[in-house]
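J.: I'm passing along query.pdb; it holds PDB, C-alpha atoms, pLDDT in the B column.
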```
ATOM      1  CA  MET A   1      24.497  74.045  89.186  1.00 54.00           C
ATOM      2  CA  THR A   2      25.569  74.851  85.639  1.00 63.00           C
ATOM      3  CA  PRO A   3      29.238  73.940  85.103  1.00 72.00           C
ATOM      4  CA  LEU A   4      31.550  76.936  84.791  1.00 81.00           C
ATOM      5  CA  ARG A   5      32.783  77.037  81.229  1.00 92.00           C
ATOM      6  CA  ASP A   6      32.949  80.527  79.708  1.00 95.00           C
ATOM      7  CA  VAL A   7      34.611  83.422  81.552  1.00 97.00           C
ATOM      8  CA  VAL A   8      34.606  86.878  79.989  1.00 97.00           C
ATOM      9  CA  ILE A   9      36.925  89.539  81.414  1.00 97.00           C
ATOM     10  CA  LEU A  10      36.202  93.144  80.470  1.00 96.00           C
ATOM     11  CA  GLY A  11      39.238  95.405  80.544  1.00 94.00           C
ATOM     12  CA  GLY A  12      42.829  94.513  79.791  1.00 94.00           C
ATOM     13  CA  GLY A  13      44.563  96.686  82.361  1.00 93.00           C
ATOM     14  CA  TYR A  14      46.719  95.321  85.156  1.00 94.00           C
ATOM     15  CA  ALA A  15      43.715  93.795  86.962  1.00 95.00           C
ATOM     16  CA  GLY A  16      41.986  92.311  83.943  1.00 96.00           C
ATOM     17  CA  LEU A  17      45.113  90.937  82.286  1.00 97.00           C
ATOM     18  CA  GLY A  18      46.440  89.581  85.577  1.00 97.00           C
ATOM     19  CA  CYS A  19      43.116  87.891  86.287  1.00 97.00           C
ATOM     20  CA  ALA A  20      43.033  86.272  82.845  1.00 97.00           C
ATOM     21  CA  LEU A  21      46.583  84.908  83.071  1.00 97.00           C
ATOM     22  CA  ARG A  22      46.190  83.682  86.640  1.00 97.00           C
ATOM     23  CA  LEU A  23      42.845  82.026  85.973  1.00 95.00           C
ATOM     24  CA  SER A  24      44.132  80.303  82.837  1.00 96.00           C
ATOM     25  CA  ALA A  25      47.011  78.846  84.841  1.00 95.00           C
ATOM     26  CA  LEU A  26      44.724  77.611  87.642  1.00 94.00           C
ATOM     27  CA  ALA A  27      41.934  76.271  85.401  1.00 94.00           C
ATOM     28  CA  PRO A  28      43.285  75.486  81.925  1.00 92.00           C
ATOM     29  CA  ASP A  29      39.987  73.847  80.884  1.00 93.00           C
ATOM     30  CA  LEU A  30      38.083  77.157  81.081  1.00 95.00           C
ATOM     31  CA  HIS A  31      37.353  79.211  77.985  1.00 96.00           C
ATOM     32  CA  ILE A  32      38.603  82.670  78.955  1.00 97.00           C
ATOM     33  CA  THR A  33      38.009  85.739  76.791  1.00 97.00           C
ATOM     34  CA  LEU A  34      39.766  89.038  77.495  1.00 98.00           C
ATOM     35  CA  VAL A  35      38.149  92.137  75.979  1.00 98.00           C
ATOM     36  CA  ASP A  36      39.766  95.542  75.544  1.00 96.00           C
ATOM     37  CA  ALA A  37      39.250  98.470  73.193  1.00 94.00           C
ATOM     38  CA  GLN A  38      42.983  98.674  72.452  1.00 94.00           C
ATOM     39  CA  ASP A  39      45.244  96.030  70.961  1.00 96.00           C
ATOM     40  CA  ALA A  40      48.078  96.603  73.453  1.00 96.00           C
ATOM     41  CA  LEU A  41      48.394  97.058  77.200  1.00 95.00           C
ATOM     42  CA  CYS A  42      48.311 100.656  78.375  1.00 91.00           C
ATOM     43  CA  GLU A  43      50.680 100.924  81.322  1.00 91.00           C
ATOM     44  CA  ARG A  44      48.780 103.591  83.172  1.00 89.00           C
ATOM     45  CA  ILE A  45      51.490 104.175  85.741  1.00 89.00           C
ATOM     46  CA  ARG A  46      53.749 105.316  82.863  1.00 92.00           C
ATOM     47  CA  LEU A  47      51.376 107.885  81.341  1.00 93.00           C
ATOM     48  CA  HIS A  48      53.086 110.790  83.091  1.00 93.00           C
ATOM     49  CA  GLN A  49      56.225 109.727  81.193  1.00 93.00           C
ATOM     50  CA  VAL A  50      54.323 109.652  77.908  1.00 94.00           C
ATOM     51  CA  ALA A  51      53.265 113.252  78.583  1.00 94.00           C
ATOM     52  CA  VAL A  52      56.882 114.411  78.440  1.00 93.00           C
ATOM     53  CA  GLY A  53      57.780 112.465  75.316  1.00 92.00           C
ATOM     54  CA  HIS A  54      59.000 109.097  76.562  1.00 92.00           C
ATOM     55  CA  VAL A  55      57.874 106.093  74.522  1.00 89.00           C
ATOM     56  CA  PRO A  56      57.097 103.056  76.705  1.00 87.00           C
ATOM     57  CA  PRO A  57      57.605  99.565  75.277  1.00 91.00           C
ATOM     58  CA  ARG A  58      54.652  98.278  73.243  1.00 92.00           C
ATOM     59  CA  LEU A  59      52.990  95.222  74.783  1.00 96.00           C
ATOM     60  CA  PRO A  60      50.420  93.706  72.367  1.00 97.00           C
ATOM     61  CA  TYR A  61      47.763  91.549  74.033  1.00 97.00           C
ATOM     62  CA  ALA A  62      48.174  88.887  71.352  1.00 96.00           C
ATOM     63  CA  GLU A  63      51.746  88.377  72.539  1.00 97.00           C
ATOM     64  CA  LEU A  64      50.942  88.678  76.245  1.00 97.00           C
ATOM     65  CA  VAL A  65      48.324  85.890  76.134  1.00 97.00           C
ATOM     66  CA  GLU A  66      50.081  83.705  73.555  1.00 96.00           C
ATOM     67  CA  GLY A  67      50.236  80.075  74.696  1.00 94.00           C
ATOM     68  CA  THR A  68      48.002  80.651  77.732  1.00 95.00           C
ATOM     69  CA  GLY A  69      44.639  79.607  76.287  1.00 92.00           C
ATOM     70  CA  VAL A  70      43.236  83.098  76.789  1.00 97.00           C
ATOM     71  CA  ALA A  71      41.410  84.482  73.749  1.00 97.00           C
ATOM     72  CA  PHE A  72      41.773  88.210  73.157  1.00 98.00           C
ATOM     73  CA  VAL A  73      39.008  90.265  71.523  1.00 97.00           C
ATOM     74  CA  GLN A  74      39.632  93.880  70.602  1.00 97.00           C
ATOM     75  CA  ALA A  75      36.313  95.663  71.068  1.00 97.00           C
ATOM     76  CA  ARG A  76      34.551  98.437  72.948  1.00 95.00           C
ATOM     77  CA  VAL A  77      32.180  97.274  75.666  1.00 94.00           C
ATOM     78  CA  LEU A  78      28.726  98.748  75.061  1.00 92.00           C
ATOM     79  CA  ALA A  79      26.425  97.059  77.578  1.00 90.00           C
ATOM     80  CA  ILE A  80      26.106  94.208  80.042  1.00 92.00           C
ATOM     81  CA  ASP A  81      22.934  92.123  80.371  1.00 90.00           C
ATOM     82  CA  ALA A  82      23.381  90.171  83.591  1.00 88.00           C
ATOM     83  CA  GLN A  83      20.010  88.391  83.283  1.00 89.00           C
ATOM     84  CA  ALA A  84      20.841  87.009  79.848  1.00 92.00           C
ATOM     85  CA  ARG A  85      24.552  86.668  80.751  1.00 93.00           C
ATOM     86  CA  ARG A  86      25.654  88.461  77.626  1.00 94.00           C
ATOM     87  CA  VAL A  87      27.967  91.378  76.877  1.00 95.00           C
ATOM     88  CA  GLY A  88      27.321  93.694  73.960  1.00 94.00           C
ATOM     89  CA  THR A  89      30.468  94.905  72.226  1.00 95.00           C
ATOM     90  CA  SER A  90      31.360  96.827  69.102  1.00 96.00           C
ATOM     91  CA  VAL A  91      32.066  93.513  67.306  1.00 95.00           C
ATOM     92  CA  GLY A  92      29.068  91.533  68.547  1.00 95.00           C
ATOM     93  CA  GLU A  93      27.754  89.790  71.647  1.00 96.00           C
ATOM     94  CA  LEU A  94      29.676  87.521  73.999  1.00 97.00           C
ATOM     95  CA  ALA A  95      27.975  84.949  76.225  1.00 96.00           C
ATOM     96  CA  TYR A  96      29.416  84.089  79.632  1.00 96.00           C
ATOM     97  CA  ASP A  97      28.957  81.908  82.699  1.00 95.00           C
ATOM     98  CA  ARG A  98      31.034  84.257  84.831  1.00 94.00           C
ATOM     99  CA  LEU A  99      31.901  87.893  84.158  1.00 95.00           C
ATOM    100  CA  VAL A 100      34.803  89.954  85.484  1.00 95.00           C
ATOM    101  CA  VAL A 101      34.412  93.732  85.116  1.00 93.00           C
ATOM    102  CA  ALA A 102      37.831  95.405  85.212  1.00 93.00           C
ATOM    103  CA  LEU A 103      37.195  98.428  83.009  1.00 89.00           C
ATOM    104  CA  GLY A 104      39.136 100.759  85.275  1.00 84.00           C
ATOM    105  CA  SER A 105      38.518 104.446  85.785  1.00 82.00           C
ATOM    106  CA  ASP A 106      39.185 107.824  84.244  1.00 78.00           C
ATOM    107  CA  ILE A 107      40.050 111.267  85.534  1.00 80.00           C
ATOM    108  CA  VAL A 108      36.882 113.352  85.716  1.00 78.00           C
ATOM    109  CA  PRO A 109      37.610 117.044  86.385  1.00 79.00           C
ATOM    110  CA  GLU A 110      34.849 118.234  88.684  1.00 81.00           C
ATOM    111  CA  LEU A 111      35.410 121.995  88.999  1.00 90.00           C
ATOM    112  CA  PRO A 112      33.769 124.545  86.680  1.00 94.00           C
ATOM    113  CA  GLY A 113      35.856 124.954  83.533  1.00 95.00           C
ATOM    114  CA  ALA A 114      38.172 122.043  84.284  1.00 93.00           C
ATOM    115  CA  ALA A 115      36.688 119.715  81.673  1.00 91.00           C
ATOM    116  CA  HIS A 116      37.141 122.409  78.993  1.00 94.00           C
ATOM    117  CA  TYR A 117      40.441 124.027  79.954  1.00 96.00           C
ATOM    118  CA  ALA A 118      42.452 121.304  81.686  1.00 96.00           C
ATOM    119  CA  ASP A 119      44.380 118.382  80.229  1.00 95.00           C
ATOM    120  CA  THR A 120      44.661 115.024  81.967  1.00 94.00           C
ATOM    121  CA  VAL A 121      46.825 111.897  81.875  1.00 93.00           C
ATOM    122  CA  GLY A 122      43.871 109.564  82.444  1.00 88.00           C
ATOM    123  CA  SER A 123      44.371 107.649  79.196  1.00 88.00           C
ATOM    124  CA  ALA A 124      47.000 107.070  76.546  1.00 90.00           C
ATOM    125  CA  GLY A 125      45.212 109.455  74.200  1.00 91.00           C
ATOM    126  CA  ALA A 126      45.001 112.190  76.834  1.00 93.00           C
ATOM    127  CA  ALA A 127      48.681 111.800  77.712  1.00 95.00           C
ATOM    128  CA  ALA A 128      49.631 112.036  74.022  1.00 95.00           C
ATOM    129  CA  ARG A 129      47.585 115.212  73.590  1.00 96.00           C
ATOM    130  CA  LEU A 130      49.297 116.745  76.615  1.00 97.00           C
ATOM    131  CA  ARG A 131      52.692 115.713  75.200  1.00 97.00           C
ATOM    132  CA  ASP A 132      51.917 117.603  72.005  1.00 97.00           C
ATOM    133  CA  ARG A 133      50.907 120.733  73.948  1.00 96.00           C
ATOM    134  CA  ILE A 134      54.001 120.626  76.156  1.00 97.00           C
ATOM    135  CA  ALA A 135      56.297 120.155  73.151  1.00 96.00           C
ATOM    136  CA  VAL A 136      55.398 123.546  71.663  1.00 97.00           C
ATOM    137  CA  LEU A 137      55.434 125.596  74.873  1.00 97.00           C
ATOM    138  CA  ALA A 138      57.880 128.467  74.886  1.00 98.00           C
ATOM    139  CA  ALA A 139      60.500 128.847  77.601  1.00 97.00           C
ATOM    140  CA  GLY A 140      59.051 130.412  80.723  1.00 97.00           C
ATOM    141  CA  SER A 141      55.540 129.055  80.140  1.00 98.00           C
ATOM    142  CA  ARG A 142      53.618 128.140  83.268  1.00 98.00           C
ATOM    143  CA  VAL A 143      52.277 124.622  83.726  1.00 98.00           C
ATOM    144  CA  VAL A 144      49.982 124.121  86.715  1.00 98.00           C
ATOM    145  CA  VAL A 145      49.451 120.530  87.859  1.00 97.00           C
ATOM    146  CA  VAL A 146      46.353 120.178  90.043  1.00 96.00           C
ATOM    147  CA  GLY A 147      46.397 117.287  92.514  1.00 93.00           C
ATOM    148  CA  GLY A 148      49.058 116.352  95.024  1.00 92.00           C
ATOM    149  CA  GLY A 149      48.625 112.588  94.805  1.00 91.00           C
ATOM    150  CA  LEU A 150      51.178 110.255  93.265  1.00 91.00           C
ATOM    151  CA  THR A 151      50.084 111.041  89.699  1.00 92.00           C
ATOM    152  CA  GLY A 152      50.379 114.793  90.201  1.00 95.00           C
ATOM    153  CA  ILE A 153      53.713 114.535  91.999  1.00 96.00           C
ATOM    154  CA  GLU A 154      55.225 112.241  89.368  1.00 96.00           C
ATOM    155  CA  LEU A 155      53.928 114.383  86.505  1.00 97.00           C
ATOM    156  CA  ALA A 156      55.194 117.659  87.999  1.00 97.00           C
ATOM    157  CA  ALA A 157      58.622 116.098  88.590  1.00 97.00           C
ATOM    158  CA  GLU A 158      58.791 114.611  85.071  1.00 96.00           C
ATOM    159  CA  LEU A 159      57.789 117.921  83.485  1.00 97.00           C
ATOM    160  CA  ALA A 160      60.352 119.896  85.445  1.00 97.00           C
ATOM    161  CA  ASP A 161      63.073 117.353  84.707  1.00 96.00           C
ATOM    162  CA  ALA A 162      62.310 117.123  80.971  1.00 96.00           C
ATOM    163  CA  ARG A 163      61.635 120.828  80.436  1.00 96.00           C
ATOM    164  CA  GLY A 164      63.730 122.793  82.879  1.00 96.00           C
ATOM    165  CA  ASP A 165      62.824 125.965  80.972  1.00 97.00           C
ATOM    166  CA  LEU A 166      59.189 125.736  82.089  1.00 98.00           C
ATOM    167  CA  ARG A 167      57.738 127.076  85.318  1.00 98.00           C
ATOM    168  CA  VAL A 168      56.013 124.079  86.880  1.00 98.00           C
ATOM    169  CA  HIS A 169      53.562 124.507  89.761  1.00 98.00           C
ATOM    170  CA  LEU A 170      52.023 121.691  91.828  1.00 98.00           C
ATOM    171  CA  VAL A 171      48.749 122.513  93.580  1.00 97.00           C
ATOM    172  CA  ASP A 172      47.439 120.477  96.522  1.00 95.00           C
ATOM    173  CA  ARG A 173      44.178 121.038  98.344  1.00 93.00           C
ATOM    174  CA  GLY A 174      45.777 119.770 101.550  1.00 93.00           C
ATOM    175  CA  ALA A 175      49.307 119.292 102.792  1.00 93.00           C
ATOM    176  CA  LEU A 176      51.747 117.614 100.403  1.00 91.00           C
ATOM    177  CA  GLY A 177      51.911 113.877 101.083  1.00 87.00           C
ATOM    178  CA  ALA A 178      49.348 114.002 103.908  1.00 86.00           C
ATOM    179  CA  GLY A 179      47.887 110.571 104.639  1.00 85.00           C
ATOM    180  CA  MET A 180      50.038 109.055 101.922  1.00 87.00           C
ATOM    181  CA  LEU A 181      53.697 109.464 102.847  1.00 89.00           C
ATOM    182  CA  HIS A 182      55.719 109.224 106.059  1.00 92.00           C
ATOM    183  CA  PRO A 183      56.903 112.667 107.251  1.00 91.00           C
ATOM    184  CA  SER A 184      60.506 111.763 106.440  1.00 94.00           C
ATOM    185  CA  ALA A 185      59.501 110.773 102.894  1.00 94.00           C
ATOM    186  CA  THR A 186      57.534 114.010 102.533  1.00 94.00           C
ATOM    187  CA  ALA A 187      60.567 116.025 103.588  1.00 94.00           C
ATOM    188  CA  LYS A 188      62.689 114.247 100.979  1.00 96.00           C
ATOM    189  CA  LEU A 189      59.983 114.817  98.384  1.00 96.00           C
ATOM    190  CA  ARG A 190      59.923 118.543  99.125  1.00 95.00           C
ATOM    191  CA  ARG A 191      63.698 118.757  98.663  1.00 96.00           C
ATOM    192  CA  SER A 192      63.535 116.843  95.386  1.00 97.00           C
ATOM    193  CA  LEU A 193      60.769 119.017  93.965  1.00 97.00           C
ATOM    194  CA  ALA A 194      62.590 122.171  95.034  1.00 97.00           C
ATOM    195  CA  ARG A 195      65.770 120.950  93.363  1.00 97.00           C
ATOM    196  CA  LEU A 196      63.828 120.395  90.134  1.00 97.00           C
ATOM    197  CA  GLY A 197      62.355 123.878  90.373  1.00 97.00           C
ATOM    198  CA  VAL A 198      58.757 122.818  91.061  1.00 98.00           C
ATOM    199  CA  THR A 199      56.796 125.407  93.053  1.00 98.00           C
ATOM    200  CA  VAL A 200      54.398 123.684  95.480  1.00 97.00           C
ATOM    201  CA  HIS A 201      51.160 125.381  96.551  1.00 97.00           C
ATOM    202  CA  GLU A 202      49.623 123.629  99.558  1.00 95.00           C
ATOM    203  CA  ARG A 203      46.110 124.158 100.938  1.00 95.00           C
ATOM    204  CA  PHE A 204      45.110 125.813  97.685  1.00 96.00           C
ATOM    205  CA  ASP A 205      41.318 125.691  97.494  1.00 93.00           C
ATOM    206  CA  ALA A 206      40.734 125.700  93.745  1.00 95.00           C
ATOM    207  CA  THR A 207      37.259 126.789  92.676  1.00 95.00           C
ATOM    208  CA  ALA A 208      37.431 126.997  88.865  1.00 96.00           C
ATOM    209  CA  VAL A 209      39.686 126.671  85.845  1.00 97.00           C
ATOM    210  CA  GLU A 210      39.782 129.459  83.277  1.00 97.00           C
ATOM    211  CA  PRO A 211      41.718 129.589  79.991  1.00 97.00           C
ATOM    212  CA  THR A 212      44.676 131.428  81.537  1.00 97.00           C
ATOM    213  CA  ARG A 213      44.376 130.909  85.284  1.00 97.00           C
ATOM    214  CA  LEU A 214      43.463 128.549  88.093  1.00 97.00           C
ATOM    215  CA  VAL A 215      41.034 130.337  90.364  1.00 97.00           C
ATOM    216  CA  GLY A 216      41.236 129.761  94.105  1.00 95.00           C
ATOM    217  CA  ALA A 217      39.090 130.820  97.028  1.00 93.00           C
ATOM    218  CA  THR A 218      41.546 133.548  98.054  1.00 93.00           C
ATOM    219  CA  THR A 219      44.054 133.781  95.198  1.00 94.00           C
ATOM    220  CA  SER A 220      44.701 132.594  91.656  1.00 96.00           C
ATOM    221  CA  LEU A 221      47.551 131.236  89.536  1.00 97.00           C
ATOM    222  CA  ASP A 222      48.297 132.346  85.986  1.00 97.00           C
ATOM    223  CA  LEU A 223      48.913 129.469  83.610  1.00 98.00           C
ATOM    224  CA  ASP A 224      49.535 128.434  80.044  1.00 98.00           C
ATOM    225  CA  VAL A 225      48.610 124.785  80.573  1.00 98.00           C
ATOM    226  CA  CYS A 226      46.570 123.234  83.380  1.00 97.00           C
ATOM    227  CA  VAL A 227      46.796 119.480  84.028  1.00 97.00           C
ATOM    228  CA  TRP A 228      44.133 117.823  86.174  1.00 95.00           C
ATOM    229  CA  THR A 229      45.215 114.691  88.063  1.00 93.00           C
ATOM    230  CA  THR A 230      42.436 114.264  90.641  1.00 89.00           C
ATOM    231  CA  GLY A 231      38.789 113.174  90.612  1.00 77.00           C
ATOM    232  CA  PHE A 232      38.822 109.553  89.411  1.00 76.00           C
ATOM    233  CA  ALA A 233      35.525 107.885  88.472  1.00 76.00           C
ATOM    234  CA  ALA A 234      34.869 104.235  87.655  1.00 76.00           C
ATOM    235  CA  SER A 235      33.701 103.137  84.224  1.00 77.00           C
ATOM    236  CA  SER A 236      30.016 103.876  83.701  1.00 76.00           C
ATOM    237  CA  VAL A 237      29.319 100.669  81.744  1.00 80.00           C
ATOM    238  CA  ALA A 238      28.271  98.669  84.815  1.00 71.00           C
ATOM    239  CA  ALA A 239      26.055 101.471  86.098  1.00 68.00           C
ATOM    240  CA  ARG A 240      24.302 101.717  82.707  1.00 73.00           C
ATOM    241  CA  SER A 241      23.690  97.976  82.600  1.00 71.00           C
ATOM    242  CA  THR A 242      21.559  95.513  84.538  1.00 61.00           C
ATOM    243  CA  ILE A 243      24.515  94.085  86.419  1.00 65.00           C
ATOM    244  CA  ILE A 244      24.047  96.232  89.549  1.00 54.00           C
ATOM    245  CA  ALA A 245      20.309  95.653  89.880  1.00 47.00           C
ATOM    246  CA  SER A 246      20.724  91.930  89.175  1.00 42.00           C
ATOM    247  CA  SER A 247      23.481  91.562  91.761  1.00 40.00           C
ATOM    248  CA  SER A 248      21.432  93.447  94.362  1.00 36.00           C
ATOM    249  CA  SER A 249      18.349  91.297  93.781  1.00 35.00           C
ATOM    250  CA  GLN A 250      20.349  88.116  94.393  1.00 36.00           C
ATOM    251  CA  SER A 251      21.886  89.268  97.664  1.00 31.00           C
TER     252      SER A 251
END
```
Take the structure in this file and express it as structure tokens.
T.:
Amino acid sequence: MTPLRDVVILGGGYAGLGCALRLSALAPDLHITLVDAQDALCERIRLHQVAVGHVPPRLPYAELVEGTGVAFVQARVLAIDAQARRVGTSVGELAYDRLVVALGSDIVPELPGAAHYADTVGSAGAAARLRDRIAVLAAGSRVVVVGGGLTGIELAAELADARGDLRVHLVDRGALGAGMLHPSATAKLRRSLARLGVTVHERFDATAVEPTRLVGATTSLDLDVCVWTTGFAASSVAARSTIIASSSSQS
């Protein structure tokens, strides 16, 4: 068996960065390379705060891995060749003995019109674009947040708290908190959202997003800004590469 020497980790989010730091502590003789398109950690769980103008602390990878033995490469991942054990990036190829794919996911609006007329908080860039749109909204503007998961709930609450002059609506296809929160927590959540002035629409079967309204099966909501917080999809890099076929053939 070929000795394990070079480990390449794709994606510097919580999983990728945590893996790199933990592995370097357990096996300091390994050559570990962490690859990410950005030069600083994007704290995804804070992106709803970015959308309302908060500035999270900057966490450069160079500082996060300093003294650990982990090498950081800022680059976009283009392809993975599992047979050759090489990764193609925007700054060249990287060879590996073992590969960790932690490229994360993005919000992929699936309804007609959503990709064109809805904002998201799926990335730092998307959250910044939404921040800029929210900043210029006039008092009384309607912001409709689609998705009653944790991201949608947190975003609706942050928007209502930061801009009490807006009319914030939270739309859920099912019951708020169903399968996610204990009934007592859901009751507290309802009270908190009501206190902030968030209007909750449960069992709203959205069918399309238009420039000025969210269309439902039986009704619709007028809007000035629509924010989509549901429909996550994993990075397509692995699917476009030979890694899946290679892994399947070895099983």
J.: Run through the PyMOL selection byres ((chain A and resi 162) around 12) on the given coordinates and return the selected residues as number ranges by chain.
T.: A: 48-54, 131, 134-135, 155-161, 163-168, 196-197
J.: Residues of the last selection are to be written out with C-alpha atoms, as a PDB file, keeping the file's coordinate frame.
T.:
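Heads up, here's the output in selection-v4.pdb:
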```pdb
ATOM      1  CA  HIS A  48      53.086 110.790  83.091  1.00 93.00           C
ATOM      2  CA  GLN A  49      56.225 109.727  81.193  1.00 93.00           C
ATOM      3  CA  VAL A  50      54.323 109.652  77.908  1.00 94.00           C
ATOM      4  CA  ALA A  51      53.265 113.252  78.583  1.00 94.00           C
ATOM      5  CA  VAL A  52      56.882 114.411  78.440  1.00 93.00           C
ATOM      6  CA  GLY A  53      57.780 112.465  75.316  1.00 92.00           C
ATOM      7  CA  HIS A  54      59.000 109.097  76.562  1.00 92.00           C
ATOM      8  CA  ARG A 131      52.692 115.713  75.200  1.00 97.00           C
ATOM      9  CA  ILE A 134      54.001 120.626  76.156  1.00 97.00           C
ATOM     10  CA  ALA A 135      56.297 120.155  73.151  1.00 96.00           C
ATOM     11  CA  LEU A 155      53.928 114.383  86.505  1.00 97.00           C
ATOM     12  CA  ALA A 156      55.194 117.659  87.999  1.00 97.00           C
ATOM     13  CA  ALA A 157      58.622 116.098  88.590  1.00 97.00           C
ATOM     14  CA  GLU A 158      58.791 114.611  85.071  1.00 96.00           C
ATOM     15  CA  LEU A 159      57.789 117.921  83.485  1.00 97.00           C
ATOM     16  CA  ALA A 160      60.352 119.896  85.445  1.00 97.00           C
ATOM     17  CA  ASP A 161      63.073 117.353  84.707  1.00 96.00           C
ATOM     18  CA  ARG A 163      61.635 120.828  80.436  1.00 96.00           C
ATOM     19  CA  GLY A 164      63.730 122.793  82.879  1.00 96.00           C
ATOM     20  CA  ASP A 165      62.824 125.965  80.972  1.00 97.00           C
ATOM     21  CA  LEU A 166      59.189 125.736  82.089  1.00 98.00           C
ATOM     22  CA  ARG A 167      57.738 127.076  85.318  1.00 98.00           C
ATOM     23  CA  VAL A 168      56.013 124.079  86.880  1.00 98.00           C
ATOM     24  CA  LEU A 196      63.828 120.395  90.134  1.00 97.00           C
ATOM     25  CA  GLY A 197      62.355 123.878  90.373  1.00 97.00           C
TER      26      GLY A 197
END
```
J.: Give as an MDAnalysis selection string every residue, naming chains and numbers as the document does, that has an atom within 10 Å of (37.0, 74.1, 81.6), counting all atoms listed in the file.
T.: chainID A and resid 3:7 24 27:32
J.: Using only C-alpha atoms, which of A:Val101, A:Val171, A:Val198, A:Ala187 sits nearest Ser220 (chain A)?
T.: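 For Ser220 (chain A), the nearest of the candidates is A:Val171.
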J.: Give me the residues near Ser123 (chain A) as a PyMOL selection string, where near means some atom within 8 Å (using all atoms listed in the file) and where sequence neighbours in that chain fewer than 4 positions away do not count.
T.: chain A and resi 44+47+106+127
J.: Hey, what's within 10 Å of region 74-89 of chain A if we count only C-alpha atoms and toss same-chain stuff fewer than 2 positions away? As a ChimeraX atom specification, please?
T.: /A:8,10-12,34-40,61-62,72,91-99,101,103,236-247
J.: Which residues, written as a VMD selection string, have at least one atom at most 12 Å from Glu202 (chain A), with all atoms listed in the file counted and residues fewer than 6 positions away on the same chain left out?
T.: chain A and resid 146 to 148 169 to 178 190 216
J.: Using only C-alpha atoms, which residues sit within 8 Å of Arg213 (chain A) once same-chain residues fewer than 4 positions away are excluded, as a VMD selection string?
T.: chain A and resid 209 220 to 224
J.: Work out how far CA of Arg142 (chain A) is from CA of Val225 (chain A), in Å to one decimal.
T.: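 Rounded to one decimal, the two atoms are 6.6 Å apart.
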J.: Have a look at A:Gly152, A:Thr68, A:Ala20, A:Ala118 and name the one nearest to Leu130 (chain A); count all atoms listed in the file.
T.: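 Once distances to Leu130 (chain A) are computed over all atoms listed in the file, the minimum belongs to A:Ala118.
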J.: Between A:Arg22, A:His116, A:Arg191, A:Arg46, which is the closest to Pro211 (chain A) once you count only C-alpha atoms?
T.: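 Result for the nearest residue to Pro211 (chain A): A:His116.
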